[in-house]
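Student: Can you keep this structure in mind? I'll have questions shortly.
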Amino acid sequence: MGLYISVSDAVYITTPIYYVNDVPHIGHSYTTIIADVLARYYRLMGRKVFFLTGTDEHGQKIEKAAEAKGLSPQELVDGVVLRYQSMWLDLNISYDRFIRTTDSDHVSVVQAVFKQLYDKGHIYLGEYEGLYCHHCEAYYTDTQASEKCCPDCERELTVLKEEAFFFRLSTFSSDVKSYILSHDDFVLPISRRNEILSYIDSGLTDLCISRTTIRWGIEVPDLGIQLSKKHYIYVWFDALLNYLSGIQFQQESSSFERFWPPTIQLIGKDILKFHALIWPAMLFAMGLSLPKHVFGHGFIYQGGEKMSKSKGNVLSPSVIVEKYSVDAFRYFLTREMVLGHDGTYTDENMLQRYNSDLANDYGNLLNRTLTMMGKYFDFQIGFFTQSDLEDSERVLEREAKILVGNVEICMSEFKLSVALETIFCVIRQANKYIEQCAPWALHKNNQLSKLMAVMVQILETLRIVSLCLSPYMPSAVEQVFAQLNIHEDLVNPRPDLFEWGYFKPGMALGRPEPIFPRK
Ligand code: MSP
């Protein structure tokens with residue numbers, strides 16, 4: 001498998017926009033943290049990055065939820081949006097824009113695109129009758145819905161008939177299919193690619209994209225035709241266009257010109273059909289290029305079950321963060337879950353990862369290194385020469401130098417957990433190196449120049465592994481850097497920051513303080 005992210009200047013990363021009828025849970029934070037790690041990584045590599053996330057605020061579910069609470073839909077969504085925004089702040093999410101589908105620039109884009117596609121003949125007026133799920137806001141065919149139950153949420157379906165606008169999905173699905181077939185890295189991982197191809201082969205009808213049964217949505221714009229009722233745009237048609245409005249589509253000298261098409265669109269496997277079929281079909285109709293990659297990740301389960309409000313097993317990130325720290329939470333999700341596969345959250349695994357990887361391996365490496373530097377050299381880097389070390393004693397230097405390239409390969413293939421595994425291999429090697437070189441013995445024998453050379457090997461390794469870890473654990477690495485007395489800009493980094501040879505005689509280090517105290 002080749003590199004997915006090729007060397008090009010701009011990187012555009014998106015998450016799905018979250019429904020505001022739910023409060024943010026660990027599943028939502030999973031997608032957003034992955035996107036954030038990638039965004040931070042590419043900024044660190046000197047790329048221009050645009051990272052978009054936001055909320056999906058229209059539709060009948062919101063209308064009903066607001067009614068039940070005696071609020072207007074706008075009041076309801078304004079409240080829930082704050083919870084998402086404060087969650088992303090707590091989780092250190094570095095988005096460039098938080099888009100809301102109620103934002104006026106988004107509404108204008110949706111109406112403009114609707115009109116353009118209507119004028120081109122890709123949207124037409126017809127009549128729709130079908131089995132409709134009010135919860136999922138989707139129609140299902142008889143084959144999809146056995147026993148008149150929704151195949152997604154198992155709720156009862158109702159027969160709905162209405163005058164409606166249709167998007168010519170059946171026309172564009174063959175374009176989408178050929179595109180998927182000729183671009184093996186468009187829909188990732190491969191299992192999702194196969195899934196969407198067989199879905200397309202099952203035969204597709206045009207997509208109904210307006211409703212007369214809802215009020216809380218974007219109105220179909222004036223098309224110069226007489227309609228019997230007011231029409232509102234289907235939430236998915238509205239929501240998918242956030243990826244365009246979020247970067248100022250059809251505005252002058254906009255981010256759109258710089259960032260389109262998306263480098264990677266992260267989604268959960270449940271919304272694959274919308275992102276790997278309907279969305280590309282819409283883009284074909286608009287004459288726009290397609291995203292480079294759509295990645296459908298797996299689900300996080302708890303106790304073998306899907307999390308849902310009705311089951312009462314929804315895990316809140318804030319509880320985990322309070323117990324283990326935000327960095328440990330980000331680490332766990334990206335280390336323990338293999339991107340693309342399902343995974344399970346358990347407190348035992350979290351505790352195990354925290355103590356073994358973060359407290360013992362990484363935290364301890366920093367702590368013992370600085371403690372020795374204090375004891376032997378009063379926290380000052382002193383004189384040393386390369387000839388103080390045998391070839392075998394420069395193993396860390398060799399490992400750290402290849403680490404940066406290895407991490408780059410993993411990141412470009414979206415193997416976030418493998419990148420972490422590789423980084424921690426070097427951390428464990430550094431701990432082993434301390435045992436092998438036994439700085440305490442060198443000190444006892446008064447081999448001070450060699451001792452300094454050994455300590456610098458460890459310090460440089462700590463610095464480079466920390467740089468590699470910074471997209472995953474930004475605030476912990478900030479503390480590590482403060483202790484190493486490194487004050488660098490990781491958003492616009494100096495190009496030589498990844499090179500070996502930062503620590504020089506005369507530099508001072510900070511004092512050790514546990515970053516991940518044992519639990
Ligand atoms: N609003 C739509 C997306 C529109 S994008 C144009 C939506 N929202 S959602 O809030 O229901 O889900 C958002 C994302 O969270 C989806 O990618 C979904 O897969 C993900 N997750 C929700 N629960 C999850 C887990 N338990 N585990 C991992 N991700 C899951 O769909």
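Simple scheme: letters A, B, ... for chains in structure tokens order, numbers from 1 for residues in each chain, numbers from 1 for ligands in the order shown.
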Check which residues fall inside 9 Å of ligand 1 when counting only C-alpha atoms and all ligand atoms, and print them as a PyMOL selection string.

Tutor: chain A and resi 15-32+55-57+235-243+266-272+274-275+279+296-302+305-308+314+342-343

Student: Kindly save the residues from that selection, with N, CA and C atoms included, as a short mmCIF file (atom, residue, chain, number, x, y, z; two decimals), in the first residue's frame.

Tutor:
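Output file selection18.cif is given in full below:
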```
data_model
loop_
_atom_site.label_atom_id
_atom_site.label_comp_id
_atom_site.auth_asym_id
_atom_site.auth_seq_id
_atom_site.Cartn_x
_atom_site.Cartn_y
_atom_site.Cartn_z
N THR A 15 -14.55 16.45 9.82
CA THR A 15 -15.28 15.42 10.60
C THR A 15 -16.73 15.53 10.15
N PRO A 16 -17.56 14.55 10.50
CA PRO A 16 -18.99 14.74 10.25
C PRO A 16 -19.45 15.90 11.14
N ILE A 17 -20.56 16.51 10.77
CA ILE A 17 -21.12 17.50 11.69
C ILE A 17 -22.13 16.76 12.56
N TYR A 18 -22.07 17.02 13.86
CA TYR A 18 -22.80 16.19 14.82
C TYR A 18 -24.22 16.67 15.02
N TYR A 19 -25.11 15.70 15.21
CA TYR A 19 -26.50 16.03 15.51
C TYR A 19 -26.58 16.66 16.88
N VAL A 20 -27.45 17.66 17.00
CA VAL A 20 -27.54 18.33 18.30
C VAL A 20 -28.70 17.82 19.14
N ASN A 21 -29.27 16.68 18.74
CA ASN A 21 -30.30 16.10 19.60
C ASN A 21 -29.65 15.18 20.64
N ASP A 22 -28.33 15.10 20.59
CA ASP A 22 -27.58 14.24 21.50
C ASP A 22 -26.48 15.09 22.12
N VAL A 23 -26.04 14.72 23.32
CA VAL A 23 -24.88 15.44 23.86
C VAL A 23 -23.63 14.67 23.43
N PRO A 24 -22.49 15.35 23.34
CA PRO A 24 -21.30 14.67 22.81
C PRO A 24 -20.87 13.49 23.68
N HIS A 25 -20.60 12.35 23.07
CA HIS A 25 -20.11 11.20 23.83
C HIS A 25 -18.78 10.72 23.26
N ILE A 26 -18.29 9.63 23.79
CA ILE A 26 -16.95 9.15 23.44
C ILE A 26 -16.82 8.83 21.94
N GLY A 27 -17.93 8.37 21.33
CA GLY A 27 -17.92 8.07 19.89
C GLY A 27 -17.67 9.32 19.07
N HIS A 28 -18.37 10.41 19.42
CA HIS A 28 -18.15 11.67 18.70
C HIS A 28 -16.72 12.16 18.92
N SER A 29 -16.24 12.01 20.16
CA SER A 29 -14.91 12.54 20.43
C SER A 29 -13.84 11.72 19.70
N TYR A 30 -14.16 10.46 19.44
CA TYR A 30 -13.20 9.60 18.71
C TYR A 30 -12.89 10.19 17.32
N THR A 31 -13.95 10.43 16.53
CA THR A 31 -13.75 10.99 15.18
C THR A 31 -13.00 12.32 15.25
N THR A 32 -13.40 13.14 16.20
CA THR A 32 -12.84 14.49 16.25
C THR A 32 -11.38 14.46 16.70
N THR A 55 -21.80 21.33 13.67
CA THR A 55 -23.04 20.68 14.10
C THR A 55 -24.11 20.72 13.01
N ASP A 56 -24.90 19.66 13.02
CA ASP A 56 -25.97 19.42 12.06
C ASP A 56 -27.27 19.73 12.80
N GLU A 57 -27.91 20.85 12.49
CA GLU A 57 -28.92 21.37 13.41
C GLU A 57 -30.36 21.35 12.94
N VAL A 235 -32.42 17.11 5.27
CA VAL A 235 -31.27 17.41 6.14
C VAL A 235 -29.94 16.91 5.62
N TRP A 236 -29.92 15.76 4.98
CA TRP A 236 -28.62 15.25 4.52
C TRP A 236 -28.06 16.06 3.36
N PHE A 237 -28.97 16.53 2.49
CA PHE A 237 -28.52 17.36 1.37
C PHE A 237 -27.94 18.66 1.94
N ASP A 238 -28.62 19.20 2.92
CA ASP A 238 -28.17 20.41 3.64
C ASP A 238 -26.84 20.14 4.34
N ALA A 239 -26.80 19.05 5.13
CA ALA A 239 -25.63 18.79 5.97
C ALA A 239 -24.35 18.54 5.16
N LEU A 240 -24.46 17.76 4.09
CA LEU A 240 -23.25 17.42 3.32
C LEU A 240 -22.60 18.67 2.73
N LEU A 241 -23.42 19.67 2.45
CA LEU A 241 -22.86 20.88 1.84
C LEU A 241 -22.04 21.72 2.82
N ASN A 242 -22.01 21.32 4.10
CA ASN A 242 -21.19 22.07 5.07
C ASN A 242 -19.72 22.02 4.66
N TYR A 243 -19.34 20.92 3.97
CA TYR A 243 -17.93 20.78 3.59
C TYR A 243 -17.52 21.84 2.56
N LEU A 266 -13.19 12.23 7.49
CA LEU A 266 -13.37 11.14 8.46
C LEU A 266 -14.84 10.98 8.77
N ILE A 267 -15.29 9.75 8.75
CA ILE A 267 -16.70 9.47 9.07
C ILE A 267 -16.78 8.14 9.80
N GLY A 268 -17.90 7.90 10.48
CA GLY A 268 -18.14 6.59 11.05
C GLY A 268 -18.75 5.69 9.98
N LYS A 269 -18.62 4.39 10.16
CA LYS A 269 -19.07 3.46 9.13
C LYS A 269 -20.58 3.54 8.86
N ASP A 270 -21.34 4.07 9.82
CA ASP A 270 -22.79 4.14 9.65
C ASP A 270 -23.23 5.19 8.64
N ILE A 271 -22.33 6.13 8.31
CA ILE A 271 -22.77 7.18 7.38
C ILE A 271 -21.96 7.11 6.07
N LEU A 272 -21.55 5.89 5.75
CA LEU A 272 -20.75 5.65 4.55
C LEU A 272 -21.52 5.97 3.27
N PHE A 274 -23.85 7.99 2.66
CA PHE A 274 -24.01 9.43 2.39
C PHE A 274 -22.72 10.05 1.86
N HIS A 275 -21.59 9.57 2.40
CA HIS A 275 -20.31 10.21 2.04
C HIS A 275 -19.60 9.57 0.86
N TRP A 279 -22.81 12.08 -1.60
CA TRP A 279 -21.95 13.27 -1.63
C TRP A 279 -21.10 13.31 -2.91
N GLY A 296 -13.94 5.55 6.52
CA GLY A 296 -15.03 5.12 7.40
C GLY A 296 -14.47 4.32 8.57
N HIS A 297 -14.39 4.97 9.73
CA HIS A 297 -13.82 4.27 10.89
C HIS A 297 -14.86 3.39 11.58
N GLY A 298 -14.37 2.56 12.48
CA GLY A 298 -15.25 1.63 13.19
C GLY A 298 -15.93 2.30 14.39
N PHE A 299 -16.63 1.50 15.14
CA PHE A 299 -17.38 2.01 16.29
C PHE A 299 -16.69 1.68 17.59
N ILE A 300 -16.90 2.53 18.58
CA ILE A 300 -16.44 2.21 19.92
C ILE A 300 -17.64 1.64 20.67
N TYR A 301 -17.42 0.46 21.18
CA TYR A 301 -18.49 -0.19 21.93
C TYR A 301 -18.16 -0.16 23.41
N GLN A 302 -19.21 -0.36 24.18
CA GLN A 302 -18.97 -0.46 25.61
C GLN A 302 -19.66 -1.72 26.10
N GLU A 305 -21.63 -3.58 23.50
CA GLU A 305 -22.84 -2.99 22.94
C GLU A 305 -22.57 -1.62 22.35
N LYS A 306 -23.38 -1.25 21.35
CA LYS A 306 -23.29 0.08 20.78
C LYS A 306 -23.81 1.07 21.83
N MET A 307 -23.15 2.21 21.94
CA MET A 307 -23.63 3.18 22.93
C MET A 307 -24.88 3.89 22.41
N SER A 308 -25.85 4.05 23.25
CA SER A 308 -27.00 4.85 22.85
C SER A 308 -27.68 5.40 24.08
N VAL A 314 -24.11 5.46 27.55
CA VAL A 314 -23.29 6.45 26.86
C VAL A 314 -22.17 6.91 27.78
N ASP A 342 -13.63 -1.87 14.71
CA ASP A 342 -14.37 -1.56 15.93
C ASP A 342 -13.46 -1.77 17.13
N GLY A 343 -13.79 -1.13 18.22
CA GLY A 343 -13.00 -1.31 19.44
C GLY A 343 -13.90 -1.17 20.65
#
```

Student: Can you list, as a count of residues only, every protein, DNA or RNA residue that comes within 12 Å of Ser470 in chain A when you count only C-alpha atoms, leaving out same-chain residues fewer than 6 positions away?

Tutor: 29

Student: Tell me, as a list of chain:residue names, which residues lie within 10 Å of Gly121 in chain A, counting only C-alpha atoms; anything in the same chain fewer than 6 positions away does not count.

Tutor: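 So the residues in contact are A:Lys115, A:Phe167, A:Arg168, A:Ala285.
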
Student: Find the spatial neighbours of Asp119 in chain A, counting only C-alpha atoms, within a cut-off of 12 Å - ignore same-chain residues fewer than 2 positions away - and output them as an MDAnalysis selection string.

Tutor: chainID A and resid 112:117 121:125 221:225 285:286

Student: Of the candidates A:Leu52, A:Ala164, A:Leu207, A:Val465, which shows the shortest atom-to-atom distance to Ser245 in chain A, using only C-alpha atoms?

Tutor: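 Ranked by minimum distance to Ser245 in chain A, first place goes to A:Leu52.
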
Student: Enumerate, as JSON, numbers by chain, the complete set of residues in range 33-111 of chain A that a backbone-based DSSP assignment places in helix (DSSP H, G or I).

Tutor: {"A": [33, 34, 35, 36, 37, 38, 39, 40, 41, 42, 43, 44, 60, 61, 62, 63, 64, 65, 66, 67, 68, 69, 73, 74, 75, 76, 77, 78, 79, 80, 81, 82, 83, 84, 85, 86, 87, 88, 89, 90, 104, 105, 106, 107, 108, 109, 110, 111]}

Student: Could those selected residues go to a file with C-alpha atoms, as a PDB file, in the first residue's frame?

Tutor:
```pdb
ATOM      1  CA  ILE A  33      -9.647  13.447  18.071  1.00  0.00           C
ATOM      2  CA  ILE A  34      -8.433  11.454  15.055  1.00  0.00           C
ATOM      3  CA  ALA A  35      -9.033  14.504  12.865  1.00  0.00           C
ATOM      4  CA  ASP A  36      -7.229  16.704  15.375  1.00  0.00           C
ATOM      5  CA  VAL A  37      -4.187  14.405  15.545  1.00  0.00           C
ATOM      6  CA  LEU A  38      -3.922  14.502  11.749  1.00  0.00           C
ATOM      7  CA  ALA A  39      -4.419  18.278  11.630  1.00  0.00           C
ATOM      8  CA  ARG A  40      -1.765  18.882  14.287  1.00  0.00           C
ATOM      9  CA  TYR A  41       0.607  16.438  12.637  1.00  0.00           C
ATOM     10  CA  TYR A  42       0.396  18.146   9.243  1.00  0.00           C
ATOM     11  CA  ARG A  43       0.809  21.602  10.808  1.00  0.00           C
ATOM     12  CA  LEU A  44       3.875  20.270  12.580  1.00  0.00           C
ATOM     13  CA  GLN A  60     -37.724  16.938  12.499  1.00  0.00           C
ATOM     14  CA  LYS A  61     -35.908  15.373  15.453  1.00  0.00           C
ATOM     15  CA  ILE A  62     -34.810  18.806  16.633  1.00  0.00           C
ATOM     16  CA  GLU A  63     -38.240  20.264  16.002  1.00  0.00           C
ATOM     17  CA  LYS A  64     -39.788  17.541  18.173  1.00  0.00           C
ATOM     18  CA  ALA A  65     -37.133  17.687  20.903  1.00  0.00           C
ATOM     19  CA  ALA A  66     -37.564  21.462  21.167  1.00  0.00           C
ATOM     20  CA  GLU A  67     -41.324  21.139  21.358  1.00  0.00           C
ATOM     21  CA  ALA A  68     -41.041  18.599  24.162  1.00  0.00           C
ATOM     22  CA  LYS A  69     -38.845  20.990  26.134  1.00  0.00           C
ATOM     23  CA  PRO A  73     -35.632  24.886  17.819  1.00  0.00           C
ATOM     24  CA  GLN A  74     -33.111  27.736  17.694  1.00  0.00           C
ATOM     25  CA  GLU A  75     -33.002  27.951  21.518  1.00  0.00           C
ATOM     26  CA  LEU A  76     -32.504  24.207  21.770  1.00  0.00           C
ATOM     27  CA  VAL A  77     -29.675  24.046  19.244  1.00  0.00           C
ATOM     28  CA  ASP A  78     -27.902  27.094  20.683  1.00  0.00           C
ATOM     29  CA  GLY A  79     -27.731  25.309  24.040  1.00  0.00           C
ATOM     30  CA  VAL A  80     -26.445  21.968  22.755  1.00  0.00           C
ATOM     31  CA  VAL A  81     -23.894  23.583  20.450  1.00  0.00           C
ATOM     32  CA  LEU A  82     -22.227  25.165  23.484  1.00  0.00           C
ATOM     33  CA  ARG A  83     -21.763  21.688  24.947  1.00  0.00           C
ATOM     34  CA  TYR A  84     -20.005  20.520  21.805  1.00  0.00           C
ATOM     35  CA  GLN A  85     -17.828  23.611  21.696  1.00  0.00           C
ATOM     36  CA  SER A  86     -16.822  23.324  25.326  1.00  0.00           C
ATOM     37  CA  MET A  87     -16.122  19.608  24.903  1.00  0.00           C
ATOM     38  CA  TRP A  88     -13.793  20.336  21.987  1.00  0.00           C
ATOM     39  CA  LEU A  89     -12.077  23.004  24.052  1.00  0.00           C
ATOM     40  CA  ASP A  90     -11.571  20.524  26.902  1.00  0.00           C
ATOM     41  CA  SER A 104     -26.291  32.248   7.400  1.00  0.00           C
ATOM     42  CA  ASP A 105     -23.412  31.645   4.969  1.00  0.00           C
ATOM     43  CA  HIS A 106     -24.175  27.907   5.043  1.00  0.00           C
ATOM     44  CA  VAL A 107     -27.875  28.529   4.374  1.00  0.00           C
ATOM     45  CA  SER A 108     -26.978  30.715   1.366  1.00  0.00           C
ATOM     46  CA  VAL A 109     -24.660  28.050  -0.074  1.00  0.00           C
ATOM     47  CA  VAL A 110     -27.286  25.308   0.297  1.00  0.00           C
ATOM     48  CA  GLN A 111     -29.947  27.398  -1.434  1.00  0.00           C
TER      49      GLN A 111
END
```

Student: Go ahead and compute the interatomic distance for CA of Gln483 in chain A and CA of Met452 in chain A, in Å to one decimal.

Tutor: 18.0 Å

Student: With a distance cut-off of 8 Å and only C-alpha atoms, select the neighbouring residues of Tyr234 in chain A, excluding the residue or stretch itself and same-chain residues fewer than 6 positions from it, and output the selection as a ChimeraX atom specification.

Tutor: /A:59,208-211,217

Student: Those residues with N, CA and C atoms, as a short mmCIF file (atom, residue, chain, number, x, y, z; two decimals), in the first residue's frame please?

Tutor:
```
data_model
loop_
_atom_site.label_atom_id
_atom_site.label_comp_id
_atom_site.auth_asym_id
_atom_site.auth_seq_id
_atom_site.Cartn_x
_atom_site.Cartn_y
_atom_site.Cartn_z
N GLY A 59 -33.96 19.66 11.02
CA GLY A 59 -34.69 18.39 10.91
C GLY A 59 -35.76 18.21 11.97
N CYS A 208 -34.85 11.57 -2.92
CA CYS A 208 -35.81 12.61 -2.56
C CYS A 208 -35.11 13.62 -1.64
N ILE A 209 -35.06 14.88 -2.05
CA ILE A 209 -34.28 15.85 -1.26
C ILE A 209 -35.09 17.04 -0.76
N SER A 210 -36.43 16.88 -0.71
CA SER A 210 -37.19 17.96 -0.05
C SER A 210 -38.32 17.34 0.75
N ARG A 211 -38.78 18.08 1.74
CA ARG A 211 -39.85 17.62 2.61
C ARG A 211 -40.86 18.75 2.76
N GLY A 217 -35.88 23.75 8.91
CA GLY A 217 -34.91 23.38 7.89
C GLY A 217 -34.69 24.56 6.96
#
```

Student: Which residues come within 12 Å of Leu358 in chain A, counting only C-alpha atoms, excluding same-chain residues fewer than 5 positions away, as a ChimeraX atom specification?

Tutor: /A:324-325,327-332,335,350-353,363-367,420,424,427-428,466,469,473,476-477,514-519

Student: Could you pull the residues within 12 Å of Glu399 in chain A, counting only C-alpha atoms, minus those fewer than 4 positions along the same chain, as a list of chain:residue names?

Tutor: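 In the requested format, the answer is A:Ser392, A:Glu393, A:Arg394, A:Val395, A:Leu403, A:Val404, A:Gly405, A:Asn406, A:Val407, A:Thr422, A:Ile423, A:Phe424, A:Cys425, A:Val426, A:Ile427, A:Arg428, A:Gln429, A:Ala430, A:Tyr433, A:Gln457, A:Ile458, A:Glu460, A:Thr461, A:Leu462, A:Ile464, A:Val465, A:Trp500.
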
Student: Which of these, A:Asp185, A:Ile190, A:Gln144, A:Lys120, has the shortest distance to Ser202 in chain A once you count only C-alpha atoms?

Tutor: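 Once distances to Ser202 in chain A are computed over only C-alpha atoms, the minimum belongs to A:Gln144.
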
Student: Of the candidates A:Ile264, A:Ile196, A:Leu416, A:Ile218, which shows the shortest atom-to-atom distance to Asp103 in chain A, using only C-alpha atoms?

Tutor: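 Looking only at the distances to Asp103 in chain A, the closest residue turns out to be A:Ile218.
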
Student: What does the structure give for the distance between CA of Ala10 in chain A and CA of Glu413 in chain A, in Å to one decimal?

Tutor: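 Value for the CA of Ala10 in chain A-CA of Glu413 in chain A distance: 17.1 Å.
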
Student: To one decimal in Å, tell me the separation between CA of Lys48 in chain A and CA of Thr14 in chain A.

Tutor: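 Atom-to-atom, CA of Lys48 in chain A and CA of Thr14 in chain A are spaced 14.3 Å apart.
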
Student: From the options A:Lys229, A:Arg155, A:Arg192, A:Lys177, which residue's atoms come nearest to His341 in chain A, counting only C-alpha atoms?

Tutor: A:Arg192

Student: For Thr369 in chain A, which residue among A:Gln447, A:Thr158, A:Gln265, A:Asn431 is the nearest when counting only C-alpha atoms?

Tutor: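 Checking each of A:Gln447, A:Thr158, A:Gln265, A:Asn431 against Thr369 in chain A, counting only C-alpha atoms, the winner is A:Asn431.
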